[in-house]
There are 6 protein chains.
Amino acid sequence: MTPGVIEVIQCALHEDIGHDDVTTSLLIPEKSRSSARYIAKEQFVLSGFPFVKEVFNVLDSSTLLEPLYREGSMVEKGSVIAELSGKTRSILKGERLSLNILQRLSGIATLTHMYVEKIKGLETKLLDTRKTTPCLRFMEKYAVRVGGGYNHRFGLYDGILIKDNHIKASGSIQKAVKAAKKGHHLSKIEVEVGTLKDLRNAIESGADIVMLDNMSLNDMRMAVKIAKGSVILEASGNIKLENVREVAETGVDLISVGSLTHSAVAADISLKIVK
Amino acid sequence: MTPGVIEVIQCALHEDIGHDDVTTSLLIPEKSRSSARYIAKEQFVLSGFPFVKEVFNVLDSSTLLEPLYREGSMVEKGSVIAELSGKTRSILKGERLSLNILQRLSGIATLTHMYVEKIKGLETKLLDTRKTTPCLRFMEKYAVRVGGGYNHRFGLYDGILIKDNHIKASGSIQKAVKAAKKGHHLSKIEVEVGTLKDLRNAIESGADIVMLDNMSLNDMRMAVKIAKGSVILEASGNIKLENVREVAETGVDLISVGSLTHSAVAADISLKIVK
Amino acid sequence: MTPGVIEVIQCALHEDIGHDDVTTSLLIPEKSRSSARYIAKEQFVLSGFPFVKEVFNVLDSSTLLEPLYREGSMVEKGSVIAELSGKTRSILKGERLSLNILQRLSGIATLTHMYVEKIKGLETKLLDTRKTTPCLRFMEKYAVRVGGGYNHRFGLYDGILIKDNHIKASGSIQKAVKAAKKGHHLSKIEVEVGTLKDLRNAIESGADIVMLDNMSLNDMRMAVKIAKGSVILEASGNIKLENVREVAETGVDLISVGSLTHSAVAADISLKIVK
Amino acid sequence: MTPGVIEVIQCALHEDIGHDDVTTSLLIPEKSRSSARYIAKEQFVLSGFPFVKEVFNVLDSSTLLEPLYREGSMVEKGSVIAELSGKTRSILKGERLSLNILQRLSGIATLTHMYVEKIKGLETKLLDTRKTTPCLRFMEKYAVRVGGGYNHRFGLYDGILIKDNHIKASGSIQKAVKAAKKGHHLSKIEVEVGTLKDLRNAIESGADIVMLDNMSLNDMRMAVKIAKGSVILEASGNIKLENVREVAETGVDLISVGSLTHSAVAADISLKIVK
Amino acid sequence: MTPGVIEVIQCALHEDIGHDDVTTSLLIPEKSRSSARYIAKEQFVLSGFPFVKEVFNVLDSSTLLEPLYREGSMVEKGSVIAELSGKTRSILKGERLSLNILQRLSGIATLTHMYVEKIKGLETKLLDTRKTTPCLRFMEKYAVRVGGGYNHRFGLYDGILIKDNHIKASGSIQKAVKAAKKGHHLSKIEVEVGTLKDLRNAIESGADIVMLDNMSLNDMRMAVKIAKGSVILEASGNIKLENVREVAETGVDLISVGSLTHSAVAADISLKIVK
Amino acid sequence: MTPGVIEVIQCALHEDIGHDDVTTSLLIPEKSRSSARYIAKEQFVLSGFPFVKEVFNVLDSSTLLEPLYREGSMVEKGSVIAELSGKTRSILKGERLSLNILQRLSGIATLTHMYVEKIKGLETKLLDTRKTTPCLRFMEKYAVRVGGGYNHRFGLYDGILIKDNHIKASGSIQKAVKAAKKGHHLSKIEVEVGTLKDLRNAIESGADIVMLDNMSLNDMRMAVKIAKGSVILEASGNIKLENVREVAETGVDLISVGSLTHSAVAADISLKIVK
């Protein structure tokens, strides 16, 4: 597992259980054992079991979890998607957190999948953003990949993206790109632009990637002509399921969509104890 | 601030910034100072600034944040909702996390508000659930209150809720309630039931609260008649904006809605540097 | 194990061992193995082995611990209460912490048991308080249960107890109870009172539990008559082994005793290496 | 403050407050401010305010605490020992932890003082042991000093104490001392012995300090004669208020007493809000 | 300060001070205040005061530190490089850690400066590596920049470097580069090669940067001719002060040197209390 | 393992891997397994595998590490010093940290060994200092022992060393030693002196150890005569490989050398995947 995931899971288990699961300690004998099933209550793209495994590793490593579908599978309403067995107390203590993770990540994978389906057959790739849930970015970006999308940078630390304010502070796109290149030889330089004029500036300055922020379809088409492959073009801003194909058809290389992670609806999943 | 919030904020800042905000360090002089504005890009119920204050306290306590609306205000599209000033580098480093928090919490407050508006004039209260984002429960339950809702228990540790599996393990509702009362004198006992027969059992066993799980409107009306105020009744399961008023009109005391926290759509907010 | 216990054990091991057990590293070969026995040096009610197990799990999970009595057993002076075997270095490093835990928890269980014996045959239950050792509350409240007592709330977070200052700030008992009920539907409301008049106020206001603070035996008897079972009555303040039965005989439902946890005397236990 | 104290205080505040002080949040307005007094409910030797200061620093650094007596003062029943002012919520949230610390540390200081008074006029010094509360050793050893005692080693890391098991593993006292001296030039070497014969062995082997474990008064007197000042002599085991002076009068240099920290009775202190 | 630095400083202070600076607590009165000077005992390039500031912020924020030279200054033997004033106890507790940081970072900055001087006038840039001290990478890479060098990637997370083993696992350089480009659009792709043939493969595969591992000067000259600016060339392996200029004169763009961080000799600095 | 080492390893792994080893995740299949060898690229004294074991325990406990030489062995250039097998991804993720540890600790052990060889046949012992790398002191002092040296105190907490400033604050050496002895009976008292006069003072005051700071060889010879074995003498300051034997031949008991830890050059070691 990745550094950080265990800490998030520990924090979330502590958040839910606190000093004790009072009801369960009062009513379920310590030695009681059960089997349970995760059930899809609607159709969705499955994501999250690698993290649910860690939930039970942290909580009680004697619990057995067996997913019945691969990550990224489209599961049908009513499907048993995994089996769980172990101490009843551990199952009940981990139930809510495991569902909260599965529902959120499957929601993200499902929404990503819907976008990806829309642009099927085109070269354009779908990207996420940094508009993720605090402390869950690693998990959410994983779900985007599971749903068929690609990841933009993980943070401010692993990519250079020169925005409006950076340009203002530097004096011009040209100066900003030059300064960035001088200090850092190992990253591509991405510049955010709002106009075709600035796109031309960015290209001339030696940018590697240009983000077209909130441009009209027409401008995006022009941008593709201007760039002629000399830079990677990323479309961003106000892109929805309804218009994502039109945007992709302009010929941009990448489309980034914040709602993949900040506004996905939870998939409906339940855990049923069967014996 | 509450124990735990600071840790979540530290984790989230580290998640986003890592070893450095590379672009900003390359392009923004250390001494540069700026003013910026948080702007509502649509209408919503505002929530989140107490936590945003902590973000900047942790990141750089010399940053000044002045919210211009109270938590819970309905803000209009285009409103400047807060002003921020300080080191440009700190503003840029805290921008994304502060927006991610504001957008999520305002989204929850807004959705809660919509539910609360639907049941206006009735005695019924709207509750959240434990279907929250891992590690953000405290913040999200706060946003529910800001939106006019009430909080159900915060975790497995601060309330007794006897569910199906607890009843099965105990043998009967009666035995489960009796055992819970024997071990714990200080909490109300809530029992989840799926039928009116079990409701009667729960009342006779001395339950204080009964959760009516996925009952029909007719059954809920009957439940209210059966209970006659002897227990608190909570409706739960499949309650949406479309049917929440009908549910409330059955006379139940409480309605709990998971989607308040697991499926709220982020409010649209941006941060603009003005000088 | 409960969230938090491992952290306390890690902290305590670090506190005792620091960078190294210097004597042991100098004198005991790394491969040396030993067997040892925990021995009762006086009669007491045993408590603490579940936590001692965690001590050795954290320190060196190859160490074997086999308790020879159940938690809550009355053990006689001279009894071998558990056997321990493993690396000599690990036994010596964990010796002091394991004894410190066993001695404290057995001391608490023993004192609790003495109180419980005093009120044998009566309905009244013995409760602990929040007057516990910082960071060890979970362990100490466990020892109270092992000794036959019951737990009051674990913290400020899992129960409502309206005290003097809350009443003052609210204006009256009635207003305080009303406000608490309005904001929180899921907890019982406990009110602390010093007079029979306030007891009546509390009952009329709808309190669920009333704590009689430092009342005379006569007043407690009156309180029981006034309440007639309409609220749970808890006696608190200056209750000692000498007077606990008299207090219980007044008919109060609960008696809470701070000294169970803040002034229990450590049980006398030693660890002897036998080979 | 010492490394580690802040962590213990954070842990203890979290233990008591959890996600929230529910009663206080429901009933005390956020802006309410109060003054309060710590009051001695019996006579005792005061200890603990430096740590209580840290409690409020961590909880809400705008709270003001003014102790009215120095650490180590004998305070009389009824004395106001400190004044506290600040947000009412913060005072109520910190009340219990601050009292738990003060009561425990004052209890230890008081018991230590009683022992020290018993051996007044003699050269012998009173020492504590490692029989302290897990994670609170630093605070408890501080209270011993405040009460007039001295500290034995803080852990296994800052002193060499060769016990039975170390001797067995080394073959003889002589070999053990020799090996310890060879590996470590900077510490005194203390050896625990149970007989006068072993005392002689220890002295001949070059021990710096010898702990006389559970020896009779006669043997201790002989030990003093044998040692003639060539080693420091520490008496240990079954030393109580009743016999501590007799032990000291044998002429031993040090007397260590475990009950100072493991069995001190909490001092009775309360916090009263005055306006 | 960057996330992580504070934790390292806390760890290091705890490592040095433990439960207490025993000598200082015994001999220096709590109220004693002093002034002290950091003095260069030889000539070197100064680096480290931003972190020393944090040391005293964490330890005792009332301590005042005033560096008298800028980071990166060449200071002469005997120079007073900073003044420090505050509680004597705090100065003594922070002395060793502050010196350990200054000596190490100044050592790195000085060695880096020596390399940079060697290649003065050439276009080639000097880079560090990941051969840094565990947990101190951020500080050490800072010192490299202070000394006039540039930073290679900070970790495995912020750059793609395809080595031998990655190529083997992928089947060929071409396949490896293709797979990397497909999965990641935002980073430059660096490939490590040992032969000119592989260099050609890497260029044809679309690598952005090629690391020439342990090549002869002749091969490096050929590599520059082959690349003709189509990729960035980085020389690596066995580069010392003696041969760095020859390597740079081959025309490579970058030279990375592990010994900058793993084998720099500490600068000689002392702290003198002056009153 | 010692408390603290695991935390340092976790910190260092996180420092290097961050959210992911991007290259490896893109190019190495999750199920791929490999064998690898640690190879000595020059002659050195081996040290570090106990910590490298912990690196892989933390990272992926299914990885197998088999060192082929004992700690402290002199290994020849070209030797395979250990074999490693497991998941290729885990090997690649742990490679750099494991090498950074091995190279540093072997560097220290090798340098220590060189000093120890120089003073072979003499009674004098070689000591390290507190001039270690922040957070790595435990590991570095271990490497000193592996190289044949001895450890001075581990921190300010486990030894009393009275320096210049302590003497100044106390008024005289005599007063300082007296105060230290009064407060602390269990440690030897070491005093740092710069002149033979102060050496005499220290001896008369009852110091156990005297550190001769930066004395000439002549003065050290005189010091040995003055002390006549009544105190342990430690030479310190400006001791190098070139003069260490001369210093030892003066007859001092201990020689402490800061450069053992602050200026050792990393041993050259590589990790080669063999299949």
# chains A, B, ... in the order shown; residues from 1 in each chain; ligands from 1
call {"tool": "residues_around", "arguments": {"residues": "Ser270 of chain A", "least_positions_apart": "4", "cutoff": "7 Å", "atoms": "only C-alpha atoms", "output": "PyMOL selection string"}}
result
chain A and resi 38-40
call {"tool": "write_last_selection", "arguments": {"atoms": "all heavy atoms", "output": "PDB file, in the first residue's frame"}}
result
ATOM      1  N   TYR A  38     -21.183  -8.235   0.222  1.00  0.00           N
ATOM      2  CA  TYR A  38     -21.387  -6.892  -0.336  1.00  0.00           C
ATOM      3  C   TYR A  38     -22.280  -7.037  -1.566  1.00  0.00           C
ATOM      4  O   TYR A  38     -21.978  -7.841  -2.455  1.00  0.00           O
ATOM      5  CB  TYR A  38     -20.057  -6.262  -0.736  1.00  0.00           C
ATOM      6  CG  TYR A  38     -19.209  -5.845   0.440  1.00  0.00           C
ATOM      7  CD1 TYR A  38     -18.246  -6.692   0.960  1.00  0.00           C
ATOM      8  CD2 TYR A  38     -19.383  -4.596   1.029  1.00  0.00           C
ATOM      9  CE1 TYR A  38     -17.468  -6.308   2.054  1.00  0.00           C
ATOM     10  CE2 TYR A  38     -18.605  -4.204   2.123  1.00  0.00           C
ATOM     11  CZ  TYR A  38     -17.654  -5.060   2.626  1.00  0.00           C
ATOM     12  OH  TYR A  38     -16.894  -4.686   3.696  1.00  0.00           O
ATOM     13  N   ILE A  39     -23.362  -6.281  -1.605  1.00  0.00           N
ATOM     14  CA  ILE A  39     -24.339  -6.427  -2.688  1.00  0.00           C
ATOM     15  C   ILE A  39     -24.542  -5.099  -3.410  1.00  0.00           C
ATOM     16  O   ILE A  39     -24.706  -4.047  -2.769  1.00  0.00           O
ATOM     17  CB  ILE A  39     -25.674  -6.934  -2.113  1.00  0.00           C
ATOM     18  CG1 ILE A  39     -25.457  -8.338  -1.512  1.00  0.00           C
ATOM     19  CG2 ILE A  39     -26.765  -6.981  -3.186  1.00  0.00           C
ATOM     20  CD1 ILE A  39     -26.591  -8.805  -0.650  1.00  0.00           C
ATOM     21  N   ALA A  40     -24.502  -5.162  -4.742  1.00  0.00           N
ATOM     22  CA  ALA A  40     -24.769  -3.979  -5.560  1.00  0.00           C
ATOM     23  C   ALA A  40     -26.272  -3.721  -5.584  1.00  0.00           C
ATOM     24  O   ALA A  40     -27.042  -4.595  -5.967  1.00  0.00           O
ATOM     25  CB  ALA A  40     -24.253  -4.198  -6.982  1.00  0.00           C
TER      26      ALA A  40
END
call {"tool": "interface_residues", "arguments": {"of": "chain E", "to": "chain D", "cutoff": "8 Å", "atoms": "only C-alpha atoms", "output": "list in words"}}
result
Leu13, His14, Ile17, Gly18, His19 and Asp20 of chain E
call {"tool": "calpha_fit_and_write", "arguments": {"fixed": "chain E", "moving": "chain F", "output": "short mmCIF file (atom, residue, chain, number, x, y, z; two decimals) with C-alpha atoms, in the first residue's frame"}}
result
data_model
loop_
_atom_site.label_atom_id
_atom_site.label_comp_id
_atom_site.auth_asym_id
_atom_site.auth_seq_id
_atom_site.Cartn_x
_atom_site.Cartn_y
_atom_site.Cartn_z
CA MET F 1 8.41 25.86 6.21
CA THR F 2 7.87 22.80 4.13
CA PRO F 3 5.71 19.94 5.35
CA GLY F 4 7.95 17.44 7.04
CA VAL F 5 10.75 19.72 8.21
CA ILE F 6 9.07 20.43 11.54
CA GLU F 7 8.64 16.71 12.17
CA VAL F 8 12.31 16.08 11.48
CA ILE F 9 13.31 18.87 13.84
CA GLN F 10 11.01 17.59 16.57
CA CYS F 11 12.43 14.11 16.13
CA ALA F 12 15.98 15.41 16.28
CA LEU F 13 15.36 17.54 19.36
CA HIS F 14 13.76 14.61 21.11
CA GLU F 15 16.67 12.42 20.05
CA ASP F 16 19.15 14.77 21.69
CA ILE F 17 17.23 16.02 24.73
CA GLY F 18 15.09 13.01 25.63
CA HIS F 19 13.37 13.51 28.97
CA ASP F 20 15.72 16.36 29.93
CA ASP F 21 19.09 18.06 29.50
CA VAL F 22 20.20 16.80 32.88
CA THR F 23 23.35 18.88 33.27
CA THR F 24 21.66 22.09 32.33
CA SER F 25 18.65 21.53 34.55
CA LEU F 26 20.97 20.88 37.49
CA LEU F 27 23.27 23.85 36.92
CA ILE F 28 21.62 26.62 34.93
CA PRO F 29 18.87 28.62 36.69
CA GLU F 30 15.60 28.66 34.76
CA LYS F 31 15.62 32.45 34.48
CA SER F 32 19.22 32.79 33.26
CA ARG F 33 19.53 34.51 29.88
CA SER F 34 22.51 34.58 27.53
CA SER F 35 23.84 35.82 24.21
CA ALA F 36 25.84 33.57 21.95
CA ARG F 37 27.61 33.63 18.61
CA TYR F 38 27.97 31.13 15.83
CA ILE F 39 31.56 31.31 14.65
CA ALA F 40 33.15 29.98 11.46
CA LYS F 41 36.25 27.96 12.37
CA GLU F 42 37.29 27.73 8.71
CA GLN F 43 36.26 29.19 5.36
CA PHE F 44 33.06 27.78 3.84
CA VAL F 45 29.82 28.53 1.98
CA LEU F 46 27.15 29.16 4.58
CA SER F 47 23.87 27.23 4.57
CA GLY F 48 21.28 26.18 7.12
CA PHE F 49 19.96 29.15 9.10
CA PRO F 50 16.35 28.88 7.84
CA PHE F 51 16.26 25.45 9.46
CA VAL F 52 18.10 26.58 12.58
CA LYS F 53 15.38 29.21 12.95
CA GLU F 54 12.85 26.43 13.01
CA VAL F 55 14.90 24.53 15.60
CA PHE F 56 14.54 27.41 18.03
CA ASN F 57 10.92 28.06 17.04
CA VAL F 58 10.09 24.52 18.02
CA LEU F 59 12.28 24.48 21.14
CA ASP F 60 11.55 27.92 22.58
CA SER F 61 10.06 30.56 20.33
CA SER F 62 11.28 33.36 22.59
CA THR F 63 14.85 32.73 21.42
CA LEU F 64 16.17 35.30 18.95
CA LEU F 65 18.41 34.29 16.07
CA GLU F 66 20.00 36.85 13.79
CA PRO F 67 22.12 35.51 10.93
CA LEU F 68 24.78 38.02 9.87
CA TYR F 69 25.38 36.57 6.40
CA ARG F 70 23.05 35.50 3.63
CA GLU F 71 22.68 31.88 2.74
CA GLY F 72 25.29 31.07 0.13
CA SER F 73 27.85 33.60 1.36
CA MET F 74 31.44 32.52 1.47
CA VAL F 75 32.37 33.18 5.11
CA GLU F 76 35.92 33.52 6.33
CA LYS F 77 37.55 31.69 9.21
CA GLY F 78 36.83 33.55 12.41
CA SER F 79 33.66 35.28 11.21
CA VAL F 80 30.75 35.65 13.56
CA ILE F 81 28.03 34.26 11.33
CA ALA F 82 25.00 34.72 13.58
CA GLU F 83 23.92 35.96 16.98
CA LEU F 84 21.61 34.13 19.28
CA SER F 85 20.00 35.32 22.49
CA GLY F 86 17.43 33.98 24.90
CA LYS F 87 17.14 31.63 27.85
CA THR F 88 20.47 30.00 28.56
CA ARG F 89 18.76 26.65 28.95
CA SER F 90 17.20 26.90 25.49
CA ILE F 91 20.48 27.95 23.90
CA LEU F 92 22.27 24.98 25.43
CA LYS F 93 19.51 22.56 24.49
CA GLY F 94 19.45 23.70 20.86
CA GLU F 95 23.20 24.13 20.46
CA ARG F 96 24.15 20.69 19.20
CA LEU F 97 21.26 20.22 16.76
CA SER F 98 21.69 23.68 15.31
CA LEU F 99 25.39 23.03 14.78
CA ASN F 100 24.80 19.59 13.32
CA ILE F 101 22.45 21.13 10.75
CA LEU F 102 24.67 24.11 9.93
CA GLN F 103 27.79 22.01 9.63
CA ARG F 104 26.19 19.46 7.34
CA LEU F 105 24.38 21.92 5.09
CA SER F 106 27.33 24.27 4.87
CA GLY F 107 29.49 21.27 4.05
CA ILE F 108 27.18 20.37 1.17
CA ALA F 109 26.91 23.96 -0.07
CA THR F 110 30.68 24.29 0.04
CA LEU F 111 31.33 21.10 -1.89
CA THR F 112 28.66 22.03 -4.43
CA HIS F 113 30.26 25.44 -4.81
CA MET F 114 33.61 23.81 -5.52
CA TYR F 115 32.11 21.74 -8.32
CA VAL F 116 30.25 24.73 -9.72
CA GLU F 117 33.45 26.78 -9.77
CA LYS F 118 35.15 24.04 -11.73
CA ILE F 119 32.62 24.26 -14.56
CA LYS F 120 32.32 28.03 -14.56
CA GLY F 121 31.76 29.58 -17.93
CA LEU F 122 30.26 26.43 -19.42
CA GLU F 123 26.56 25.82 -20.09
CA THR F 124 26.47 22.56 -18.17
CA LYS F 125 24.54 22.47 -14.93
CA LEU F 126 25.44 20.57 -11.81
CA LEU F 127 22.74 18.32 -10.29
CA ASP F 128 22.37 16.38 -7.07
CA THR F 129 20.94 12.85 -6.79
CA ARG F 130 18.71 10.85 -4.44
CA LYS F 131 21.83 9.70 -2.53
CA THR F 132 20.88 11.86 0.43
CA THR F 133 20.57 11.27 4.15
CA PRO F 134 17.34 9.52 5.13
CA CYS F 135 14.74 12.14 6.20
CA LEU F 136 17.03 15.09 5.37
CA ARG F 137 16.64 15.15 1.59
CA PHE F 138 14.67 18.39 1.58
CA MET F 139 17.36 20.18 3.60
CA GLU F 140 20.23 18.70 1.65
CA LYS F 141 18.76 19.54 -1.75
CA TYR F 142 18.23 23.06 -0.47
CA ALA F 143 21.93 23.25 0.41
CA VAL F 144 22.82 22.12 -3.09
CA ARG F 145 20.84 25.03 -4.52
CA VAL F 146 22.46 27.40 -2.05
CA GLY F 147 25.83 26.19 -3.30
CA GLY F 148 24.88 26.95 -6.90
CA GLY F 149 23.73 23.53 -8.01
CA TYR F 150 20.37 22.34 -9.29
CA ASN F 151 18.06 19.62 -8.05
CA HIS F 152 17.35 16.36 -9.78
CA ARG F 153 14.00 14.78 -8.88
CA PHE F 154 13.07 14.77 -5.18
CA GLY F 155 11.87 11.21 -5.17
CA LEU F 156 10.39 8.40 -7.14
CA TYR F 157 7.15 10.36 -7.29
CA ASP F 158 8.07 13.50 -9.22
CA GLY F 159 9.95 12.30 -12.25
CA ILE F 160 10.17 9.35 -14.57
CA LEU F 161 13.57 7.74 -14.88
CA ILE F 162 13.65 4.49 -16.81
CA LYS F 163 16.57 2.34 -15.70
CA ASP F 164 18.00 -0.97 -16.70
CA ASN F 165 15.50 -3.01 -14.79
CA HIS F 166 12.53 -1.13 -16.14
CA ILE F 167 13.82 -1.70 -19.66
CA LYS F 168 14.37 -5.38 -19.04
CA ALA F 169 10.85 -5.77 -17.69
CA SER F 170 9.39 -3.91 -20.65
CA GLY F 171 11.34 -5.78 -23.31
CA SER F 172 13.08 -2.82 -24.92
CA ILE F 173 13.76 0.87 -24.51
CA GLN F 174 11.17 1.54 -27.13
CA LYS F 175 8.45 -0.39 -25.36
CA ALA F 176 9.32 1.15 -22.03
CA VAL F 177 9.19 4.70 -23.30
CA LYS F 178 5.98 4.04 -25.15
CA ALA F 179 4.28 2.57 -22.09
CA ALA F 180 5.45 5.45 -19.92
CA LYS F 181 4.17 8.03 -22.38
CA LYS F 182 0.84 6.31 -22.63
CA GLY F 183 0.27 6.33 -18.88
CA HIS F 184 1.64 9.75 -18.09
CA HIS F 185 1.41 12.86 -20.26
CA LEU F 186 2.73 15.43 -17.92
CA SER F 187 6.31 14.39 -17.15
CA LYS F 188 9.38 14.33 -19.24
CA ILE F 189 10.71 10.83 -19.75
CA GLU F 190 14.33 10.19 -18.80
CA VAL F 191 16.11 7.01 -19.85
CA GLU F 192 19.38 5.70 -18.46
CA VAL F 193 21.73 4.23 -21.07
CA GLY F 194 25.18 2.73 -20.98
CA THR F 195 25.97 2.67 -24.70
CA LEU F 196 25.67 4.93 -27.67
CA LYS F 197 23.44 2.37 -29.32
CA ASP F 198 20.98 2.63 -26.50
CA LEU F 199 21.23 6.39 -26.66
CA ARG F 200 20.05 6.19 -30.28
CA ASN F 201 17.23 3.88 -29.25
CA ALA F 202 16.18 6.25 -26.53
CA ILE F 203 16.15 9.22 -28.86
CA GLU F 204 14.14 7.36 -31.46
CA SER F 205 11.68 6.18 -28.84
CA GLY F 206 10.93 9.75 -27.91
CA ALA F 207 12.80 10.10 -24.62
CA ASP F 208 13.11 13.70 -23.42
CA ILE F 209 16.24 13.23 -21.34
CA VAL F 210 18.96 10.60 -21.50
CA MET F 211 21.28 9.76 -18.65
CA LEU F 212 24.71 8.60 -19.83
CA ASP F 213 25.77 6.18 -17.16
CA ASN F 214 29.50 5.84 -16.56
CA MET F 215 30.45 6.64 -20.14
CA SER F 216 33.97 7.51 -21.26
CA LEU F 217 34.73 11.09 -22.23
CA ASN F 218 34.93 9.99 -25.83
CA ASP F 219 31.54 8.37 -25.74
CA MET F 220 30.08 11.42 -24.10
CA ARG F 221 31.46 13.59 -26.89
CA MET F 222 29.90 11.24 -29.41
CA ALA F 223 26.65 11.30 -27.51
CA VAL F 224 26.48 15.06 -27.78
CA LYS F 225 26.97 14.76 -31.51
CA ILE F 226 24.35 12.07 -31.85
CA ALA F 227 21.79 13.95 -29.81
CA LYS F 228 22.26 17.28 -31.54
CA GLY F 229 20.04 18.89 -28.98
CA SER F 230 17.10 16.57 -29.61
CA VAL F 231 17.27 15.35 -26.00
CA ILE F 232 18.76 16.67 -22.79
CA LEU F 233 21.92 14.76 -21.89
CA GLU F 234 22.87 14.02 -18.29
CA ALA F 235 26.28 12.62 -17.39
CA SER F 236 26.38 10.43 -14.31
CA GLY F 237 28.81 8.11 -12.51
CA ASN F 238 32.33 8.53 -11.15
CA ILE F 239 32.41 12.25 -11.58
CA LYS F 240 34.79 13.98 -9.18
CA LEU F 241 36.23 17.43 -8.67
CA GLU F 242 39.21 16.31 -10.70
CA ASN F 243 37.32 15.40 -13.84
CA VAL F 244 34.11 17.39 -13.70
CA ARG F 245 35.33 20.09 -16.05
CA GLU F 246 36.41 17.58 -18.67
CA VAL F 247 33.02 15.99 -18.49
CA ALA F 248 31.29 19.34 -18.80
CA GLU F 249 33.44 20.21 -21.78
CA THR F 250 32.04 17.26 -23.70
CA GLY F 251 28.93 19.39 -24.05
CA VAL F 252 26.50 17.42 -21.89
CA ASP F 253 23.68 19.51 -20.45
CA LEU F 254 23.66 18.17 -16.92
CA ILE F 255 26.10 16.45 -14.59
CA SER F 256 24.80 14.66 -11.51
CA VAL F 257 27.10 13.97 -8.58
CA GLY F 258 26.09 11.77 -5.63
CA SER F 259 28.97 12.77 -3.41
CA LEU F 260 27.55 16.31 -3.07
CA THR F 261 25.21 14.89 -0.46
CA HIS F 262 26.57 11.54 0.61
CA SER F 263 30.18 12.43 1.19
CA ALA F 264 30.44 16.15 1.97
CA VAL F 265 32.65 16.91 4.94
CA ALA F 266 31.05 18.94 7.76
CA ALA F 267 32.02 22.61 7.92
CA ASP F 268 33.66 23.55 11.20
CA ILE F 269 31.41 25.85 13.21
CA SER F 270 31.11 26.53 16.91
CA LEU F 271 28.69 28.30 19.23
CA LYS F 272 30.21 30.55 21.87
CA ILE F 273 28.22 32.02 24.74
CA VAL F 274 29.44 35.58 25.12
CA LYS F 275 27.49 36.75 28.15
#
call {"tool": "select_by_dssp", "arguments": {"residues": "segment 60-90 of chain C", "states": "strand (DSSP E or B)", "output": "count of residues only"}}
result
14
call {"tool": "select_by_dssp", "arguments": {"residues": "segment 224-266 of chain B", "states": "helix (DSSP H, G or I)", "output": "PyMOL selection string"}}
result
chain B and resi 224-227+244-249+259-262
